[in-house]
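Just target_3.txt here, compact mmCIF, C-alpha atoms and all ligand atoms:
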```
# COMPACT_ATOMS: atom_id res chain seq x y z
CA MET A 1 19.28 -18.59 -21.33
CA ALA A 2 17.78 -18.36 -17.87
CA ARG A 3 14.86 -16.09 -17.28
CA VAL A 4 15.45 -13.75 -14.38
CA MET A 5 12.72 -13.07 -11.84
CA ALA A 6 12.10 -9.76 -10.19
CA LYS A 7 14.43 -9.42 -7.22
CA LYS A 8 11.70 -9.46 -4.55
CA SER A 9 8.24 -10.96 -4.34
CA ARG A 10 6.06 -11.63 -1.29
CA LYS A 11 5.34 -15.29 -0.44
CA PRO A 12 5.24 -16.59 -4.02
CA PRO A 13 3.29 -19.85 -4.18
CA VAL A 14 5.19 -22.69 -5.79
CA ALA A 15 2.76 -22.88 -8.75
CA ALA A 16 3.31 -19.18 -9.50
CA ARG A 17 7.06 -19.63 -9.29
CA VAL A 18 6.90 -22.58 -11.69
CA GLN A 19 5.05 -20.36 -14.14
CA ALA A 20 7.38 -17.41 -13.63
CA GLN A 21 10.56 -19.47 -13.99
CA SER A 22 9.38 -21.69 -16.83
CA GLY A 23 11.88 -21.60 -19.63
CA ARG A 24 12.97 -23.91 -22.37
CA ALA A 25 13.86 -27.25 -20.84
CA ARG A 26 16.08 -29.65 -22.74
CA SER A 27 13.68 -32.05 -24.46
CA GLY A 28 14.21 -35.75 -24.95
CA SER A 29 16.49 -35.94 -21.90
CA ARG A 30 16.45 -39.04 -19.71
CA ASP A 31 16.06 -36.55 -16.82
CA ALA A 32 12.96 -34.86 -18.18
CA ASN A 33 10.52 -36.62 -15.91
CA VAL A 34 12.35 -36.32 -12.60
CA PRO A 35 12.28 -32.49 -12.31
CA LYS A 36 8.67 -32.46 -13.46
CA LEU A 37 7.66 -34.94 -10.77
CA LEU A 38 9.55 -32.98 -8.14
CA GLU A 39 8.11 -29.62 -9.18
CA ALA A 40 4.60 -31.07 -8.85
CA TRP A 41 5.37 -32.75 -5.50
CA PHE A 42 6.91 -29.55 -4.06
CA GLN A 43 3.67 -27.63 -4.57
CA THR A 44 2.13 -29.52 -1.67
CA ALA A 45 5.19 -30.76 0.24
CA ALA A 46 7.24 -27.56 0.68
CA ARG A 47 7.85 -26.70 4.31
CA ASP A 48 6.98 -23.17 5.39
CA LEU A 49 10.44 -21.82 6.23
CA PRO A 50 11.11 -18.14 7.05
CA TRP A 51 13.55 -17.59 4.17
CA ARG A 52 11.00 -18.94 1.70
CA ARG A 53 8.39 -16.32 2.60
CA THR A 54 10.12 -13.47 0.76
CA ARG A 55 12.32 -14.30 -2.22
CA ASP A 56 15.24 -11.98 -1.91
CA GLY A 57 18.93 -12.47 -2.74
CA TYR A 58 20.18 -11.25 0.64
CA ARG A 59 17.81 -13.42 2.68
CA ALA A 60 18.70 -16.41 0.49
CA LEU A 61 22.42 -15.80 0.91
CA VAL A 62 22.10 -15.51 4.69
CA SER A 63 19.92 -18.63 4.95
CA GLU A 64 22.20 -20.71 2.71
CA LEU A 65 25.28 -19.83 4.76
CA MET A 66 23.43 -20.54 7.99
CA LEU A 67 22.15 -23.87 6.68
CA GLN A 68 25.65 -25.14 5.88
CA GLN A 69 26.42 -27.44 8.83
CA THR A 70 23.52 -26.26 11.04
CA GLN A 71 20.16 -27.99 11.44
CA VAL A 72 17.10 -26.35 9.88
CA SER A 73 15.28 -26.12 13.25
CA ARG A 74 18.16 -24.10 14.72
CA VAL A 75 18.38 -21.85 11.65
CA VAL A 76 14.60 -21.24 11.84
CA GLU A 77 15.13 -19.83 15.37
CA LYS A 78 18.07 -17.63 14.44
CA PHE A 79 17.25 -16.42 10.92
CA GLU A 80 14.68 -13.67 11.54
CA PRO A 81 16.50 -12.14 14.56
CA PHE A 82 19.69 -11.99 12.45
CA ILE A 83 17.82 -10.33 9.55
CA ALA A 84 16.13 -7.91 11.97
CA ARG A 85 19.56 -6.99 13.36
CA PHE A 86 21.18 -6.67 9.88
CA PRO A 87 18.30 -6.09 7.41
CA THR A 88 20.45 -5.33 4.35
CA PRO A 89 23.93 -6.17 3.03
CA ALA A 90 24.92 -2.59 3.86
CA ALA A 91 23.81 -2.95 7.49
CA LEU A 92 25.79 -6.18 7.81
CA ALA A 93 28.83 -4.69 6.09
CA GLU A 94 28.87 -1.73 8.48
CA ALA A 95 28.71 -3.89 11.64
CA SER A 96 31.84 -4.84 13.57
CA GLU A 97 33.03 -8.44 13.45
CA ASP A 98 32.25 -8.84 17.16
CA GLU A 99 28.64 -7.73 16.57
CA VAL A 100 28.26 -10.23 13.73
CA LEU A 101 29.76 -13.07 15.76
CA ALA A 102 27.50 -12.25 18.72
CA ALA A 103 24.41 -12.38 16.44
CA TRP A 104 25.63 -15.71 15.03
CA GLN A 105 25.64 -17.35 18.48
CA GLY A 106 23.93 -20.72 18.55
CA LEU A 107 24.67 -21.50 14.89
CA GLY A 108 28.24 -22.74 15.44
CA TYR A 109 31.03 -22.83 12.82
CA TYR A 110 31.71 -19.11 13.16
CA ARG A 111 33.94 -19.05 10.10
CA ARG A 112 30.72 -18.83 8.09
CA ALA A 113 29.73 -15.65 9.97
CA ARG A 114 33.03 -14.02 9.06
CA LEU A 115 32.65 -15.08 5.43
CA LEU A 116 29.08 -13.76 5.30
CA HIS A 117 30.32 -10.47 6.77
CA ALA A 118 33.04 -10.30 4.09
CA ALA A 119 30.47 -11.20 1.39
CA ALA A 120 28.21 -8.33 2.53
CA LYS A 121 31.17 -5.93 2.25
CA ALA A 122 31.88 -7.24 -1.26
CA VAL A 123 28.20 -6.84 -2.25
CA VAL A 124 28.35 -3.20 -1.12
CA ALA A 125 31.71 -2.54 -2.81
CA ARG A 126 31.07 -4.37 -6.10
CA HIS A 127 27.31 -4.50 -6.58
CA ASP A 128 25.97 -1.30 -5.06
CA GLY A 129 24.51 -3.19 -2.08
CA GLU A 130 22.34 -5.59 -4.16
CA VAL A 131 23.11 -9.32 -4.12
CA PRO A 132 23.88 -10.17 -7.77
CA SER A 133 21.57 -12.52 -9.72
CA ASP A 134 24.31 -14.11 -11.80
CA ALA A 135 25.82 -17.39 -10.52
CA GLU A 136 29.38 -16.40 -11.54
CA ALA A 137 29.17 -13.02 -9.78
CA LEU A 138 27.73 -14.73 -6.71
CA ARG A 139 30.51 -17.28 -6.72
CA ALA A 140 33.12 -14.53 -6.64
CA LEU A 141 31.80 -13.45 -3.19
CA PRO A 142 33.69 -14.64 -0.08
CA GLY A 143 32.27 -17.88 1.33
CA VAL A 144 30.09 -18.56 -1.71
CA GLY A 145 30.98 -21.78 -3.49
CA ARG A 146 29.38 -23.53 -6.43
CA TYR A 147 26.52 -24.91 -4.32
CA THR A 148 25.53 -21.60 -2.65
CA SER A 149 25.84 -19.58 -5.87
CA GLY A 150 23.69 -22.14 -7.71
CA ALA A 151 21.10 -22.19 -4.93
CA VAL A 152 20.72 -18.38 -4.74
CA ALA A 153 20.85 -17.85 -8.54
CA SER A 154 18.29 -20.55 -9.27
CA ILE A 155 15.91 -20.28 -6.30
CA VAL A 156 15.69 -16.48 -6.15
CA PHE A 157 16.46 -15.46 -9.73
CA GLY A 158 15.34 -18.53 -11.70
CA ALA A 159 18.77 -19.13 -13.26
CA ARG A 160 19.42 -22.56 -14.76
CA ALA A 161 22.30 -23.19 -12.31
CA PRO A 162 23.01 -26.65 -10.85
CA ILE A 163 23.37 -27.42 -7.14
CA VAL A 164 24.90 -30.36 -5.28
CA ASP A 165 24.99 -30.75 -1.52
CA GLY A 166 24.90 -33.92 0.58
CA ASN A 167 21.11 -34.27 0.20
CA VAL A 168 21.19 -33.82 -3.56
CA ALA A 169 24.11 -36.21 -4.10
CA ARG A 170 22.34 -38.89 -2.05
CA VAL A 171 19.11 -38.59 -4.07
CA PHE A 172 21.01 -38.86 -7.39
CA GLN A 173 23.06 -41.81 -6.14
CA ARG A 174 19.95 -43.69 -5.06
CA LEU A 175 18.02 -42.82 -8.22
CA GLU A 176 20.76 -44.37 -10.34
CA ALA A 177 22.12 -46.87 -7.80
CA ARG A 178 25.52 -45.15 -8.06
CA GLU A 179 27.84 -46.73 -5.49
CA GLY A 180 30.48 -44.97 -3.40
CA SER A 181 30.46 -42.35 -0.67
CA ALA A 182 28.90 -38.94 -1.40
CA SER A 183 32.17 -37.34 -0.26
CA ASP A 184 34.33 -39.22 -2.83
CA ALA A 185 35.73 -36.86 -5.47
CA ALA A 186 34.57 -39.13 -8.31
CA VAL A 187 31.03 -39.30 -6.92
CA GLN A 188 31.01 -35.53 -6.45
CA ALA A 189 32.05 -34.91 -10.06
CA TRP A 190 29.40 -37.39 -11.25
CA ALA A 191 26.74 -35.70 -9.07
CA TRP A 192 27.53 -32.26 -10.57
CA GLU A 193 27.06 -33.72 -14.06
CA ARG A 194 23.74 -35.18 -12.98
CA ALA A 195 22.73 -31.82 -11.43
CA GLU A 196 23.50 -30.00 -14.70
CA ALA A 197 21.36 -32.46 -16.66
CA PHE A 198 18.62 -32.19 -14.04
CA VAL A 199 18.45 -28.40 -14.12
CA ALA A 200 18.67 -28.36 -17.93
CA ALA A 201 15.55 -30.54 -18.05
CA ALA A 202 13.59 -28.55 -15.45
CA ARG A 203 10.67 -26.30 -16.35
CA ALA A 204 11.36 -24.03 -13.37
CA PRO A 205 15.02 -24.49 -12.34
CA GLY A 206 14.73 -22.84 -8.93
CA VAL A 207 11.64 -24.78 -7.93
CA ALA A 208 13.14 -28.06 -9.18
CA ASN A 209 16.40 -27.44 -7.30
CA GLU A 210 14.60 -26.51 -4.11
CA ALA A 211 12.33 -29.55 -4.43
CA LEU A 212 15.35 -31.79 -4.91
CA MET A 213 16.94 -30.47 -1.71
CA GLU A 214 13.62 -30.79 0.11
CA LEU A 215 13.24 -34.40 -0.97
CA GLY A 216 16.74 -35.22 0.33
CA ALA A 217 16.06 -33.43 3.63
CA THR A 218 12.58 -34.80 4.34
CA VAL A 219 11.98 -38.03 2.36
CA CYS A 220 15.18 -39.50 0.92
CA THR A 221 16.95 -39.13 4.26
CA PRO A 222 20.29 -40.81 5.07
CA ALA A 223 18.65 -43.31 7.45
CA ALA A 224 15.13 -44.73 7.05
CA PRO A 225 14.11 -42.96 3.83
CA ARG A 226 10.34 -42.81 3.29
CA CYS A 227 10.23 -44.54 -0.10
CA PRO A 228 6.46 -45.23 -0.03
CA ALA A 229 5.89 -41.44 0.12
CA CYS A 230 8.47 -40.60 -2.55
CA PRO A 231 7.33 -39.04 -5.86
CA LEU A 232 10.38 -40.59 -7.60
CA ARG A 233 9.78 -44.15 -6.40
CA ALA A 234 8.96 -45.53 -9.86
CA ALA A 235 12.17 -44.05 -11.30
CA CYS A 236 14.48 -45.13 -8.47
CA ARG A 237 16.95 -47.94 -9.17
CA ALA A 238 18.14 -48.35 -5.58
CA HIS A 239 14.52 -48.83 -4.53
CA ALA A 240 13.84 -51.29 -7.36
CA GLU A 241 16.98 -53.27 -6.51
CA VAL A 242 16.27 -53.14 -2.74
CA ARG A 243 19.65 -51.47 -2.16
CA VAL A 244 18.52 -48.22 -0.57
CA ASP A 245 20.28 -49.06 2.72
CA GLU A 246 23.61 -49.62 0.93
CA ILE A 247 23.66 -46.40 -1.08
CA PRO A 248 25.50 -44.16 -0.54
CA ALA A 249 28.37 -45.93 1.24
CA PRO A 250 29.17 -44.43 4.66
CA LYS A 251 31.76 -41.65 4.79
CA THR A 252 35.32 -42.61 5.64
CA ARG A 253 35.79 -41.18 9.12
CA VAL A 254 38.84 -39.03 9.75
CA ALA A 255 40.41 -39.71 13.15
CA ARG A 256 40.04 -36.76 15.51
CA LYS A 257 43.10 -35.32 17.26
CA ASP A 258 43.01 -35.23 21.07
CA LEU A 259 43.27 -31.82 22.71
CA VAL A 260 43.29 -31.18 26.47
CA LEU A 261 42.42 -27.66 27.69
CA VAL A 262 42.61 -26.31 31.21
CA THR A 263 39.99 -23.68 31.92
CA ALA A 264 38.83 -21.60 34.88
CA CYS A 265 35.36 -20.15 35.38
CA VAL A 266 36.00 -17.23 37.71
CA ARG A 267 33.04 -15.17 38.89
CA ARG A 268 32.60 -12.10 41.03
CA ALA A 269 29.97 -12.07 43.76
CA ASP A 270 27.66 -10.04 41.43
CA GLY A 271 27.66 -12.91 38.91
CA ALA A 272 30.05 -11.28 36.41
CA VAL A 273 32.31 -13.83 34.75
CA LEU A 274 35.93 -13.41 33.63
CA LEU A 275 36.32 -13.90 29.86
CA GLU A 276 39.11 -13.63 27.33
CA GLN A 277 39.04 -13.55 23.53
CA ARG A 278 40.70 -16.31 21.53
CA PRO A 279 43.21 -15.35 18.83
CA ARG A 280 41.49 -14.52 15.52
CA GLY A 281 42.75 -17.56 13.60
CA GLY A 282 42.36 -21.26 14.38
CA LEU A 283 39.94 -23.15 16.57
CA TRP A 284 37.07 -20.92 17.83
CA GLY A 285 39.05 -17.93 16.45
CA GLY A 286 37.91 -14.57 17.86
CA LEU A 287 35.30 -16.10 20.18
CA TRP A 288 35.15 -15.46 23.93
CA GLN A 289 35.85 -18.06 26.61
CA PRO A 290 36.74 -18.36 30.30
CA PRO A 291 40.55 -18.20 30.72
CA THR A 292 41.83 -21.32 28.97
CA VAL A 293 45.20 -22.80 28.16
CA GLU A 294 46.32 -25.96 26.41
CA SER A 295 47.74 -28.70 28.61
CA ALA A 296 51.05 -30.00 27.30
CA ASP A 297 50.57 -33.58 28.49
CA GLY A 298 46.94 -33.87 29.64
CA ALA A 299 48.05 -34.90 33.13
CA GLU A 300 45.73 -34.26 36.08
CA LEU A 301 46.36 -30.89 37.76
CA SER A 302 45.88 -29.57 41.28
CA PRO A 303 43.85 -26.32 41.51
CA ARG A 304 47.02 -24.46 42.41
CA ALA A 305 48.90 -25.84 39.38
CA ALA A 306 45.92 -24.95 37.16
CA ALA A 307 45.93 -21.36 38.50
CA GLU A 308 49.62 -21.09 37.75
CA LEU A 309 49.18 -22.44 34.21
CA LEU A 310 46.34 -19.98 33.61
CA GLN A 311 48.40 -17.13 35.06
CA LEU A 312 45.86 -16.45 37.79
CA PRO A 313 47.10 -15.28 41.23
CA SER A 314 47.18 -18.01 43.87
CA SER A 315 44.63 -15.97 45.90
CA VAL A 316 42.01 -17.03 43.35
CA ALA A 317 40.93 -20.18 45.19
CA LEU A 318 40.14 -22.52 42.32
CA GLN A 319 38.20 -25.73 42.89
CA ALA A 320 38.20 -28.69 40.49
CA ARG A 321 34.86 -29.15 38.69
CA GLY A 322 35.65 -32.28 36.70
CA GLU A 323 36.02 -32.74 32.97
CA GLU A 324 33.86 -31.65 30.04
CA PRO A 325 34.27 -33.51 26.74
CA PHE A 326 33.54 -31.73 23.46
CA LEU A 327 33.82 -32.98 19.87
CA THR A 328 34.58 -30.74 16.91
CA THR A 329 34.88 -31.97 13.34
CA HIS A 330 38.62 -32.55 13.72
CA ARG A 331 39.27 -32.71 17.45
CA ALA A 332 38.22 -34.60 20.56
CA VAL A 333 38.56 -31.88 23.19
CA ARG A 334 38.70 -32.59 26.91
CA PHE A 335 38.31 -29.56 29.18
CA MET A 336 39.67 -29.79 32.72
CA VAL A 337 37.32 -27.35 34.43
CA PHE A 338 38.13 -25.30 37.55
CA ALA A 339 36.00 -22.61 39.17
CA ALA A 340 36.16 -19.88 41.79
CA VAL A 341 33.89 -17.15 43.13
CA LEU A 342 35.53 -14.02 44.52
CA ARG A 343 33.44 -13.04 47.55
CA GLY A 344 34.05 -10.40 50.18
CA ALA A 345 33.95 -11.22 53.90
CA ALA A 346 30.78 -9.11 54.25
CA THR A 347 28.88 -11.83 52.40
CA GLY A 348 29.80 -14.24 55.18
CA LEU A 349 30.98 -16.80 52.66
CA SER A 350 33.93 -19.04 52.54
CA THR A 351 36.96 -17.32 51.03
CA GLY A 352 37.29 -14.87 53.88
CA LEU A 353 38.54 -12.06 51.62
CA SER A 354 37.65 -8.58 52.75
CA ASN A 355 35.43 -6.66 50.34
CA SER A 356 38.26 -4.35 49.33
CA LEU A 357 40.61 -7.30 48.83
CA ALA A 358 38.02 -9.12 46.72
CA ASN A 359 37.54 -5.95 44.65
CA SER A 360 41.22 -5.35 44.13
CA LEU A 361 41.74 -9.04 43.26
CA ALA A 362 38.90 -8.80 40.70
CA ASN A 363 40.45 -5.66 39.22
CA SER A 364 43.86 -7.29 39.00
CA LEU A 365 42.45 -10.07 36.79
CA THR A 366 41.68 -7.72 33.91
CA THR A 367 45.11 -8.12 32.38
CA ARG A 368 45.99 -10.15 29.27
CA GLY A 369 42.83 -8.81 27.56
CA ARG A 370 40.54 -10.44 30.14
CA VAL A 371 37.29 -8.67 30.95
CA TRP A 372 34.48 -9.00 33.50
CA VAL A 373 31.16 -9.61 31.79
CA LYS A 374 27.90 -9.22 33.71
CA PRO A 375 25.11 -11.76 33.05
CA ASP A 376 22.96 -9.20 31.18
CA GLU A 377 25.90 -8.32 28.89
CA LEU A 378 26.78 -11.90 27.99
CA ALA A 379 24.65 -11.91 24.80
CA ASN A 380 27.02 -9.28 23.32
CA TYR A 381 29.94 -11.70 23.51
CA ALA A 382 30.15 -14.56 21.01
CA LEU A 383 30.83 -17.76 22.93
CA SER A 384 31.42 -21.14 21.33
CA ASN A 385 29.11 -23.97 22.36
CA ALA A 386 32.13 -25.51 24.06
CA ALA A 387 32.65 -22.38 26.19
CA LYS A 388 28.95 -22.41 27.13
CA LYS A 389 29.20 -26.02 28.29
CA VAL A 390 32.30 -25.20 30.30
CA LEU A 391 30.57 -22.23 31.94
CA ALA A 392 27.59 -24.42 32.81
CA ARG A 393 29.92 -26.93 34.49
CA GLY A 394 31.90 -24.19 36.24
CA GLY A 395 28.72 -22.69 37.73
S1 LIG B 401 12.42 -44.13 -3.70
FE1 LIG B 401 13.42 -44.08 -1.74
S2 LIG B 401 15.60 -44.19 -2.18
FE2 LIG B 401 14.58 -43.71 -4.10
S3 LIG B 401 14.67 -41.47 -4.23
FE3 LIG B 401 12.74 -41.99 -3.26
S4 LIG B 401 13.13 -41.96 -1.04
FE4 LIG B 401 15.11 -42.02 -2.12
```
Target encoding structure tokens, full file:
Amino acid sequence: MARVMAKKSRKPPVAARVQAQSGRARSGSRDANVPKLLEAWFQTAARDLPWRRTRDGYRALVSELMLQQTQVSRVVEKFEPFIARFPTPAALAEASEDEVLAAWQGLGYYRRARLLHAAAKAVVARHDGEVPSDAEALRALPGVGRYTSGAVASIVFGARAPIVDGNVARVFQRLEAREGSASDAAVQAWAWERAEAFVAAARAPGVANEALMELGATVCTPAAPRCPACPLRAACRAHAEVRVDEIPAPKTRVARKDLVLVTACVRRADGAVLLEQRPRGGLWGGLWQPPTVESADGAELSPRAAAELLQLPSSVALQARGEEPFLTTHRAVRFMVFAAVLRGAATGLSTGLSNSLANSLANSLTTRGRVWVKPDELANYALSNAAKKVLARGG
């Protein structure tokens, strides 16, 4: 039975956590040495990351969701501001979805922000606002799968719960020279078995799990692993057989679908930009973007044809600004970018519109849910990275 730590503790050193979490490890296991070596290595090798400074279920949950599909360096930048904005599950649960998405900007994959928001609501409704310590209760929260529940339950609460992510699967595969891609279902099932045996043999399950992830992220990396610096070198079959470069096999790439979008960056003379919100479901669901529409055939368009497609009046004098490519996991997106600035004649600039005409044209564009957003208000609107690139191209 796992020993459960107190819910919060300030900057616990790894050695103290090993002592606090130490429970009965399975003896005589072939895995007994590996967790021990990792626990010892982690005492000096652990990176100082913001979510490690205070062990708390909520901070761990937020950091784990942020770290799925986003680089650590980016999460380091965004983590504390997010926690400052929403310091408790209750504060996050009470926020609007738009507020949560705006605070998530820069982390990408906004579906995770919505799931975290839903998880916070569930924590308030089912657990009195405290993130549960039990892996099963954690796993019942929206967006929390077997990996995240195991990570939070073991790292924060010392539960003997296994974890497998890409880093962990790669380390196990190399340790045992297990062939195949880490994304293969058979390899995944095998890795979970290995993770269960690993955590069963650990003295301090949370420290061992965290050390295993750290090793995969910093030493046993996908390319150019640093075997000479690895605490598991003597136990590693791939290293002994000089097959580290072959294991794991590369992922089978899924072909991306092509998508061509026509988009217009329209600004007022005061710098405000015209934005619209995408439908809640699907690609970039609920995020804000310059007016954008899918092109049926991807054929080149004149500015006038683009304005028509985007349902902008012909008096908005669009100019072509070239193309902006953007890759998502499943799509190769090509934006055909157009731009216009609505200026009054008093500015002496090109369009020749009178001030009142420019103003009434600007006002007429706020149909179809489109809004003018001033530069100092932009941070309140969640924009995808693709929309930011398009805006940069559109000027
Ligand atoms: S010895 Fe090399 S391949 Fe083996 S676990 Fe360590 S870093 Fe990975």
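The smallest atom-to-atom distance between ligand LIG 401 (chain B) and any of A:Ala84, A:Ala40, A:Ala32, A:Ala238, using all atoms listed in the file, is found for A:Ala238.
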Within 6 Å of ligand LIG 401 (chain B), counting all atoms listed in the file, residues as a ChimeraX atom specification: /A:171,174-175,219-220,225-227,230,232-233,236,238-239,244
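Shortest atom-to-atom contact with Ala362 (chain A) among A:Ala386, A:Leu274, A:Ala307, A:Leu116: A:Leu274, counting all atoms listed in the file.
Straight-line separation from CA of Phe157 (chain A) to CA of Ala197 (chain A): 19.0 Å.
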Counting all atoms listed in the file, the option among A:Val76, A:Ala217, A:Leu383, A:Ala223 closest to Val62 (chain A): A:Val76
Point-to-point distance from CA of Val254 (chain A) to CA of Ala332 (chain A), Å rounded to tenths: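 According to the coordinates, CA of Val254 (chain A) and CA of Ala332 (chain A) are separated by 11.7 Å.
What separates CA of Val100 (chain A) from CA of Ala137 (chain A) is a distance of 23.7 Å.
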Residue neighbourhood Pro87 (chain A), 10 Å, all atoms listed in the file, exclusion window fewer than 5 positions, as a list of chain:residue names: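 Selected residues are A:Tyr58, A:Arg59, A:Glu80, A:Pro81, A:Phe82, A:Leu92.
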Polymer residues at most 12 Å from (42.8, -22.8, 18.2) by all atoms listed in the file, as a PyMOL selection string: chain A and resi 259-261+277-287+289+292-294+328+330-331+333+384
Nearest to Ser96 (chain A), chosen from A:Leu65, A:Arg256, A:Ala195, A:Asn380, with all atoms listed in the file counted in the distances: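 Checking each of A:Leu65, A:Arg256, A:Ala195, A:Asn380 against Ser96 (chain A), counting all atoms listed in the file, the winner is A:Asn380.
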Leu342 (chain A) environment, 6 Å, all atoms listed in the file, sequence neighbours closer than 4 positions dropped, as a PyMOL selection string: chain A and resi 268-269+358
For C-alpha atoms, I'd like the residues from the last selection saved as a CSV table (one decimal), in the coordinates of the input.
```csv
chain,number,residue,atom,x,y,z
A,268,ARG,CA,32.6,-12.1,41.0
A,269,ALA,CA,30.0,-12.1,43.8
A,358,ALA,CA,38.0,-9.1,46.7
```
Residues near Glu300 (chain A), cut-off 12 Å, only C-alpha atoms, skip fewer than 3 positions along chain, as a list in words: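 My reading of the contact set: Val260, Leu261, Val262, Ser295, Ala296, Asp297, Pro303, Arg304, Ala305, Ala306, Ala320, Gly322, Glu323, Arg334, Phe335, Met336, Val337 and Phe338 of chain A.
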From the coordinates supplied, region 130-143 of chain A should be written with N, CA and C atoms, as a JSON list (two decimals), in the first residue's frame.
```
[["chain", "number", "residue", "atom", "x", "y", "z"],
["A", 130, "GLU", "N", -10.06, 20.18, -3.67],
["A", 130, "GLU", "CA", -8.69, 19.64, -3.45],
["A", 130, "GLU", "C", -8.42, 18.56, -4.49],
["A", 131, "VAL", "N", -7.31, 18.66, -5.19],
["A", 131, "VAL", "CA", -6.96, 17.61, -6.17],
["A", 131, "VAL", "C", -6.78, 16.30, -5.41],
["A", 132, "PRO", "N", -7.48, 15.23, -5.83],
["A", 132, "PRO", "CA", -7.40, 13.97, -5.07],
["A", 132, "PRO", "C", -6.01, 13.33, -5.16],
["A", 133, "SER", "N", -5.67, 12.52, -4.16],
["A", 133, "SER", "CA", -4.35, 11.88, -4.11],
["A", 133, "SER", "C", -4.36, 10.50, -4.76],
["A", 134, "ASP", "N", -5.56, 9.97, -4.97],
["A", 134, "ASP", "CA", -5.69, 8.60, -5.45],
["A", 134, "ASP", "C", -5.66, 8.57, -6.99],
["A", 135, "ALA", "N", -4.86, 7.64, -7.56],
["A", 135, "ALA", "CA", -4.69, 7.61, -9.01],
["A", 135, "ALA", "C", -6.02, 7.38, -9.74],
["A", 136, "GLU", "N", -6.89, 6.52, -9.17],
["A", 136, "GLU", "CA", -8.17, 6.24, -9.85],
["A", 136, "GLU", "C", -9.06, 7.47, -9.87],
["A", 137, "ALA", "N", -9.11, 8.19, -8.73],
["A", 137, "ALA", "CA", -9.94, 9.41, -8.67],
["A", 137, "ALA", "C", -9.37, 10.47, -9.61],
["A", 138, "LEU", "N", -8.05, 10.54, -9.69],
["A", 138, "LEU", "CA", -7.43, 11.50, -10.61],
["A", 138, "LEU", "C", -7.80, 11.17, -12.04],
["A", 139, "ARG", "N", -7.76, 9.88, -12.34],
["A", 139, "ARG", "CA", -7.99, 9.45, -13.72],
["A", 139, "ARG", "C", -9.43, 9.70, -14.17],
["A", 140, "ALA", "N", -10.32, 9.84, -13.21],
["A", 140, "ALA", "CA", -11.72, 10.12, -13.56],
["A", 140, "ALA", "C", -11.92, 11.59, -13.92],
["A", 141, "LEU", "N", -10.88, 12.43, -13.76],
["A", 141, "LEU", "CA", -11.02, 13.86, -14.10],
["A", 141, "LEU", "C", -10.85, 14.06, -15.61],
["A", 142, "PRO", "N", -11.56, 15.04, -16.19],
["A", 142, "PRO", "CA", -11.41, 15.29, -17.63],
["A", 142, "PRO", "C", -9.95, 15.57, -17.99],
["A", 143, "GLY", "N", -9.49, 14.98, -19.08],
["A", 143, "GLY", "CA", -8.14, 15.26, -19.59],
["A", 143, "GLY", "C", -7.03, 14.53, -18.86]]
```
